[in-house]
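Below: one structure, written as structure tokens.
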Amino acid sequence: MNIGLDMMGGDFAPLEAVKGLQQYLSQQQDLATVVCIGDEAQVNPLLEEYQLTSKVQLVHAPEVIGYHEHPTKALKEKQRSSIAIGFHLLATGKIDAFISAGNTGAMLVGAMFSIKAIEGVLRPTIATVIPKINGSTGLLLDAGLNADCKPEHLNQFAILASLYAKNILNIADPKTGLLNIGEEEGKGNALAQATYPLLKENNQVNFIGNIEGRDMFNDKADITVCDGFTGNIILKMAESFYDIAVQRNFHQDAYISRFHYENYGGTPVLGVAKPVIIGHGISNATAFKNMMVLAAKMVETDLCGKMKESFQTI
């Protein structure tokens, strides 16, 4: 198994990527081969300092796509960037998964146009992890990739999330809820009303009906489905609560601490043919380590292959 890691992506790259790599190599028993993609002049000295040179492969990438660059234009013009090279390695089978905390737009463009969506998937999606008050973990999607959605999109998001929850979160029969302003069937806006019957008839998900915002952090549903506009607002609000907890010094609470992004590393793009994981721009060493753990599990479980099989039966 070969995992590609963009060493130049993130506000604290490449140092935090190297530290995360050290954590991964020292803590995991079944290790993947990590292919580091980045500027040799910056990365090699750090690999030597942390005694990792002999444990990884380094692919030279002299260019970097900045956060404020246009994603499509940058990928086209910067063929020697770490992100462009990473997607080339993934597309040609040199690596089995690709991780970056760099330009999110470039990662999404690369995922959809270099790797492409699984046949039958109308739109790939991104999910965010939701800590549950009982100690379990849930998913919310879409988390911002698709601001405007059709009922068919939400129906497919539920299938992708169910497969992710089973294979990565180890939830045997994940319960799926449709985010709404009331529990009763027929509630909500046009999108929610039209999505409900599709989910109700979908035999690939365990649909439990509508759920409300107050159910987000309890165990009523393992998966919450909504459009990306709504999902991203919820995500950013949850992040702000954690920031407030840090400011008021109660972020060490066992439950509140689970909202720290580093615990989950990054967000997988669900619905594309190969594992692509997008990290937070402020990713630290622990976040990078957890992204590698997630990538390895996605490859080990052949999650993308199972998604492909699932959509062949639709």
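All residue names refer to the structure tokens as shown: chains lettered A, B, ... in order, residues numbered from 1 in each chain, ligands numbered from 1 in order.
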Name all residues at most 9 Å from region 164-176 of chain A (count only C-alpha atoms; drop same-chain ones fewer than 6 positions away) and give them as a PDB file with C-alpha atoms, in the first residue's frame.
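Final output, saved to part_9.pdb:
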```
ATOM      1  CA  THR A 137     -19.296   9.167  16.146  1.00  0.00           C
ATOM      2  CA  GLY A 138     -21.659  10.280  13.388  1.00  0.00           C
ATOM      3  CA  LEU A 139     -21.468  11.877   9.960  1.00  0.00           C
ATOM      4  CA  ALA A 158     -26.926   8.702   2.124  1.00  0.00           C
ATOM      5  CA  LEU A 199     -34.762   7.782   1.164  1.00  0.00           C
ATOM      6  CA  VAL A 205     -29.776   2.769   3.744  1.00  0.00           C
ATOM      7  CA  ASN A 206     -31.436   2.441   7.142  1.00  0.00           C
ATOM      8  CA  PHE A 207     -33.633   5.523   6.894  1.00  0.00           C
ATOM      9  CA  ILE A 208     -35.271   6.570  10.165  1.00  0.00           C
ATOM     10  CA  GLY A 209     -37.063   9.687   8.891  1.00  0.00           C
ATOM     11  CA  ASN A 210     -36.627  13.370   9.579  1.00  0.00           C
ATOM     12  CA  LYS A 220     -30.966   9.336  17.129  1.00  0.00           C
ATOM     13  CA  ALA A 221     -29.134   9.107  13.796  1.00  0.00           C
ATOM     14  CA  ASP A 222     -25.624   8.062  12.833  1.00  0.00           C
ATOM     15  CA  ILE A 223     -25.807   9.918   9.512  1.00  0.00           C
ATOM     16  CA  THR A 224     -27.424  13.289   8.926  1.00  0.00           C
ATOM     17  CA  VAL A 225     -28.106  14.230   5.309  1.00  0.00           C
ATOM     18  CA  LEU A 270     -16.812  10.433  -1.132  1.00  0.00           C
ATOM     19  CA  LEU A 294      -7.689   7.216   7.601  1.00  0.00           C
ATOM     20  CA  LYS A 297      -8.080   2.247   6.359  1.00  0.00           C
ATOM     21  CA  MET A 298      -9.848   3.409   3.199  1.00  0.00           C
ATOM     22  CA  THR A 301     -11.267  -1.842   3.335  1.00  0.00           C
ATOM     23  CA  ASP A 302     -11.420  -1.100  -0.411  1.00  0.00           C
ATOM     24  CA  LEU A 303     -14.058   1.511   0.377  1.00  0.00           C
ATOM     25  CA  MET A 307     -18.943   2.187  -3.433  1.00  0.00           C
TER      26      MET A 307
END
```
- With a distance cut-off of 7 Å and only C-alpha atoms, select the neighbouring residues of region 147-153 of chain A, excluding the residue or stretch itself and same-chain residues fewer than 2 positions from it, and output the selection as a PyMOL selection string. chain A and resi 122-123+144-145+155-157+191+194-195+227-229
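Residues with any atom within 12 Å of Ala41 (chain A), counting only C-alpha atoms and excluding same-chain neighbours fewer than 4 positions away, are Met7, Met8, Pro14, Ile37, Pro45, Leu46, Leu47, Glu48, Leu58, Val59, His60, Ala61, Pro62 and Glu63 of chain A.
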Please write the residues from the selection above to a file, keeping N, CA and C atoms, as a PDB file, in the first residue's frame.
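Final file, result.pdb:
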```
ATOM      1  N   MET A   7       3.619  17.279   1.061  1.00  0.00           N
ATOM      2  CA  MET A   7       4.422  17.855   2.130  1.00  0.00           C
ATOM      3  C   MET A   7       4.342  19.376   2.165  1.00  0.00           C
ATOM      4  N   MET A   8       3.811  19.983   1.098  1.00  0.00           N
ATOM      5  CA  MET A   8       3.818  21.438   0.985  1.00  0.00           C
ATOM      6  C   MET A   8       2.463  22.059   1.298  1.00  0.00           C
ATOM      7  N   PRO A  14       6.538  22.494   5.475  1.00  0.00           N
ATOM      8  CA  PRO A  14       6.432  21.029   5.564  1.00  0.00           C
ATOM      9  C   PRO A  14       6.722  20.459   6.955  1.00  0.00           C
ATOM     10  N   ILE A  37       5.595  14.058  -1.248  1.00  0.00           N
ATOM     11  CA  ILE A  37       5.631  14.848  -2.476  1.00  0.00           C
ATOM     12  C   ILE A  37       5.877  16.300  -2.099  1.00  0.00           C
ATOM     13  N   PRO A  45      16.009  18.103   4.366  1.00  0.00           N
ATOM     14  CA  PRO A  45      16.659  18.388   5.655  1.00  0.00           C
ATOM     15  C   PRO A  45      15.794  17.998   6.849  1.00  0.00           C
ATOM     16  N   LEU A  46      14.483  18.159   6.732  1.00  0.00           N
ATOM     17  CA  LEU A  46      13.583  17.794   7.828  1.00  0.00           C
ATOM     18  C   LEU A  46      13.487  16.279   7.972  1.00  0.00           C
ATOM     19  N   LEU A  47      13.442  15.578   6.862  1.00  0.00           N
ATOM     20  CA  LEU A  47      13.419  14.113   6.916  1.00  0.00           C
ATOM     21  C   LEU A  47      14.694  13.590   7.571  1.00  0.00           C
ATOM     22  N   GLU A  48      15.820  14.225   7.272  1.00  0.00           N
ATOM     23  CA  GLU A  48      17.087  13.828   7.886  1.00  0.00           C
ATOM     24  C   GLU A  48      17.096  14.146   9.375  1.00  0.00           C
ATOM     25  N   LEU A  58      10.644   9.988  -1.538  1.00  0.00           N
ATOM     26  CA  LEU A  58      10.441  11.412  -1.775  1.00  0.00           C
ATOM     27  C   LEU A  58      10.380  11.683  -3.270  1.00  0.00           C
ATOM     28  N   VAL A  59       9.284  12.314  -3.684  1.00  0.00           N
ATOM     29  CA  VAL A  59       9.120  12.719  -5.086  1.00  0.00           C
ATOM     30  C   VAL A  59       9.227  14.233  -5.134  1.00  0.00           C
ATOM     31  N   HIS A  60      10.158  14.727  -5.916  1.00  0.00           N
ATOM     32  CA  HIS A  60      10.418  16.171  -5.978  1.00  0.00           C
ATOM     33  C   HIS A  60       9.270  16.900  -6.675  1.00  0.00           C
ATOM     34  N   ALA A  61       8.784  17.944  -6.015  1.00  0.00           N
ATOM     35  CA  ALA A  61       7.743  18.817  -6.579  1.00  0.00           C
ATOM     36  C   ALA A  61       8.145  20.254  -6.258  1.00  0.00           C
ATOM     37  N   PRO A  62       8.747  20.960  -7.196  1.00  0.00           N
ATOM     38  CA  PRO A  62       9.301  22.288  -6.913  1.00  0.00           C
ATOM     39  C   PRO A  62       8.278  23.418  -6.822  1.00  0.00           C
ATOM     40  N   GLU A  63       7.034  23.140  -7.228  1.00  0.00           N
ATOM     41  CA  GLU A  63       6.018  24.192  -7.225  1.00  0.00           C
ATOM     42  C   GLU A  63       4.951  23.927  -6.169  1.00  0.00           C
TER      43      GLU A  63
END
```
List the spatial neighbours of Glu183 (chain A) as an mmCIF file with N, CA and C atoms, in the first residue's frame - criterion: any atom at most 12 Å away, only C-alpha atoms, same-chain residues fewer than 4 positions off excluded.
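Writing the result to out-v3.cif gives the following:
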```cif
data_model
loop_
_atom_site.group_PDB
_atom_site.id
_atom_site.type_symbol
_atom_site.label_atom_id
_atom_site.label_comp_id
_atom_site.auth_asym_id
_atom_site.auth_seq_id
_atom_site.Cartn_x
_atom_site.Cartn_y
_atom_site.Cartn_z
ATOM 1 N N GLY A 177 -30.727 9.921 8.951
ATOM 2 C CA GLY A 177 -31.811 10.876 9.135
ATOM 3 C C GLY A 177 -31.701 12.023 8.151
ATOM 4 N N LEU A 178 -32.824 12.566 7.757
ATOM 5 C CA LEU A 178 -32.880 13.725 6.858
ATOM 6 C C LEU A 178 -33.076 14.969 7.714
ATOM 7 N N LEU A 179 -32.148 15.908 7.651
ATOM 8 C CA LEU A 179 -32.249 17.117 8.464
ATOM 9 C C LEU A 179 -33.435 17.949 8.014
ATOM 10 N N LYS A 187 -42.890 17.525 6.190
ATOM 11 C CA LYS A 187 -42.365 18.790 6.703
ATOM 12 C C LYS A 187 -41.246 19.317 5.798
ATOM 13 N N GLY A 188 -40.932 20.600 5.976
ATOM 14 C CA GLY A 188 -39.745 21.155 5.354
ATOM 15 C C GLY A 188 -39.960 21.854 4.039
ATOM 16 N N ALA A 192 -36.451 18.968 0.978
ATOM 17 C CA ALA A 192 -36.667 17.949 2.010
ATOM 18 C C ALA A 192 -37.890 17.095 1.699
ATOM 19 N N GLN A 193 -38.957 17.744 1.258
ATOM 20 C CA GLN A 193 -40.186 17.000 0.952
ATOM 21 C C GLN A 193 -39.982 16.028 -0.199
ATOM 22 N N TYR A 196 -37.475 12.935 0.995
ATOM 23 C CA TYR A 196 -37.994 11.971 1.963
ATOM 24 C C TYR A 196 -38.448 10.660 1.305
ATOM 25 N N ILE A 208 -34.410 6.487 8.982
ATOM 26 C CA ILE A 208 -35.271 6.570 10.165
ATOM 27 C C ILE A 208 -36.208 7.771 10.116
ATOM 28 N N GLY A 209 -36.177 8.537 9.021
ATOM 29 C CA GLY A 209 -37.063 9.687 8.891
ATOM 30 C C GLY A 209 -36.359 11.014 9.124
ATOM 31 N N ASN A 210 -37.164 12.031 9.346
ATOM 32 C CA ASN A 210 -36.627 13.370 9.579
ATOM 33 C C ASN A 210 -36.011 13.480 10.972
ATOM 34 N N ILE A 211 -34.955 14.262 11.075
ATOM 35 C CA ILE A 211 -34.415 14.628 12.378
ATOM 36 C C ILE A 211 -34.233 16.146 12.407
ATOM 37 N N GLU A 212 -34.254 16.689 13.607
ATOM 38 C CA GLU A 212 -34.130 18.138 13.763
ATOM 39 C C GLU A 212 -32.735 18.515 14.261
ATOM 40 N N GLY A 213 -32.439 19.798 14.240
ATOM 41 C CA GLY A 213 -31.133 20.272 14.669
ATOM 42 C C GLY A 213 -30.783 19.861 16.076
ATOM 43 N N ARG A 214 -31.772 19.733 16.954
ATOM 44 C CA ARG A 214 -31.502 19.348 18.345
ATOM 45 C C ARG A 214 -31.068 17.893 18.477
ATOM 46 N N ASP A 215 -31.228 17.113 17.395
ATOM 47 C CA ASP A 215 -30.826 15.705 17.418
ATOM 48 C C ASP A 215 -29.401 15.494 16.913
ATOM 49 N N LYS A 220 -29.785 9.650 17.937
ATOM 50 C CA LYS A 220 -30.966 9.336 17.129
ATOM 51 C C LYS A 220 -30.581 8.853 15.739
#
```
At a cut-off of 8 Å, can you tabulate as a Markdown table every residue of region 9-70 of chain A near region 273-284 of chain A together with its closest atom pair and the distance in Å to one decimal, using only C-alpha atoms and ordering rows by chain then number?
```
| residue | atom | partner | partner_atom | distance |
| --- | --- | --- | --- | --- |
| A:Gly9 | CA | A:Gly281 | CA | 7.4 |
| A:Gly10 | CA | A:Gly281 | CA | 4.5 |
| A:Asp11 | CA | A:Ile282 | CA | 5.4 |
| A:Phe12 | CA | A:Ile282 | CA | 6.9 |
| A:Glu16 | CA | A:Asn284 | CA | 5.3 |
| A:Ala17 | CA | A:Asn284 | CA | 7.3 |
| A:Gly20 | CA | A:Asn284 | CA | 7.3 |
```
- Can you list, as a count of residues only, every protein, DNA or RNA residue that comes within 12 Å of Val129 (chain A) when you count only C-alpha atoms, leaving out same-chain residues fewer than 3 positions away? 36
- Query: Pick from A:Ala127, A:Ile95, A:Ala111, A:Val64: nearest to Asp39 (chain A), with only C-alpha atoms counted?
  - Reply: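 When distances to Asp39 (chain A) are compared using only C-alpha atoms, the smallest one comes from A:Val64.
Nearest residue to Ile3 (chain A), choosing from A:Met237, A:Leu163, A:Met291, A:Cys304 and counting only C-alpha atoms: A:Met291.
Among the candidates A:Asn232, A:Gln57, A:Thr313, A:Gln42, the residue lying nearest to Gly4 (chain A) is A:Gln57 (atoms considered: only C-alpha atoms).
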- Residue neighbourhood Ser257 (chain A), 10 Å, only C-alpha atoms, exclusion window fewer than 4 positions, as JSON, numbers by chain: {"A": [131, 242, 245, 246, 250, 251, 252, 253, 261, 263]}
Save out the residues we just selected, C-alpha atoms, as an mmCIF file, in the first residue's frame.
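Done, and the output landed in part10.cif:
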```cif
data_model
loop_
_atom_site.group_PDB
_atom_site.id
_atom_site.type_symbol
_atom_site.label_atom_id
_atom_site.label_comp_id
_atom_site.auth_asym_id
_atom_site.auth_seq_id
_atom_site.Cartn_x
_atom_site.Cartn_y
_atom_site.Cartn_z
ATOM 1 C CA PRO A 131 -19.058 13.635 17.964
ATOM 2 C CA TYR A 242 -14.897 24.663 20.149
ATOM 3 C CA ALA A 245 -14.475 26.519 24.676
ATOM 4 C CA VAL A 246 -10.737 27.142 24.195
ATOM 5 C CA PHE A 250 -13.181 24.312 29.225
ATOM 6 C CA HIS A 251 -12.006 22.592 26.035
ATOM 7 C CA GLN A 252 -10.424 19.801 28.104
ATOM 8 C CA ASP A 253 -13.891 18.451 28.815
ATOM 9 C CA TYR A 261 -10.245 18.920 14.086
ATOM 10 C CA ASN A 263 -8.755 14.099 16.064
#
```
- Would you mind writing down, as number ranges by chain, each residue of region 45-217 of chain A that DSSP on the backbone assigns to helix (DSSP H, G or I)? A: 45-49, 53-55, 71-77, 82-91, 104-115, 151-167, 190-201, 213-215
- Task: Looking only at strand (DSSP E or B) from DSSP on the backbone, list the matching residues of region 211-256 of chain A as a ChimeraX atom specification.
- Result: /A:211,223-225
Could you save those same residues with N, CA and C atoms as a short mmCIF file (atom, residue, chain, number, x, y, z; two decimals), in the first residue's frame?
```cif
data_model
loop_
_atom_site.label_atom_id
_atom_site.label_comp_id
_atom_site.auth_asym_id
_atom_site.auth_seq_id
_atom_site.Cartn_x
_atom_site.Cartn_y
_atom_site.Cartn_z
N ILE A 211 -34.96 14.26 11.08
CA ILE A 211 -34.42 14.63 12.38
C ILE A 211 -34.23 16.15 12.41
N ILE A 223 -26.08 9.12 10.71
CA ILE A 223 -25.81 9.92 9.51
C ILE A 223 -26.89 10.97 9.36
N THR A 224 -26.48 12.20 9.17
CA THR A 224 -27.42 13.29 8.93
C THR A 224 -27.18 13.82 7.52
N VAL A 225 -28.22 13.82 6.71
CA VAL A 225 -28.11 14.23 5.31
C VAL A 225 -28.77 15.59 5.12
#
```
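Separating CA of Met107 (chain A) from CA of Phe87 (chain A) is a distance of 8.7 Å.
Ranking A:Leu108, A:Lys306, A:Met1, A:Gln247 by their shortest atom-to-atom distance to Ser162 (chain A), with only C-alpha atoms included, puts A:Lys306 first.
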- Message: Env of Gly120 (chain A): 8 Å cut, atoms = only C-alpha atoms, seq-sep filter 2 positions within chain, self excluded. Answer as a list in words.
- Response: Ile118, Leu122, Phe311 and Gln312 of chain A
- Query: How many Å lie between CA of Ile115 (chain A) and CA of Ala91 (chain A), rounded to one decimal?
  - Reply: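 Going from CA of Ile115 (chain A) over to CA of Ala91 (chain A) covers 5.9 Å.
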- Expressed in Å to a single decimal, how great is the separation between CA of Glu119 (chain A) and CA of Leu154 (chain A)? 16.7 Å
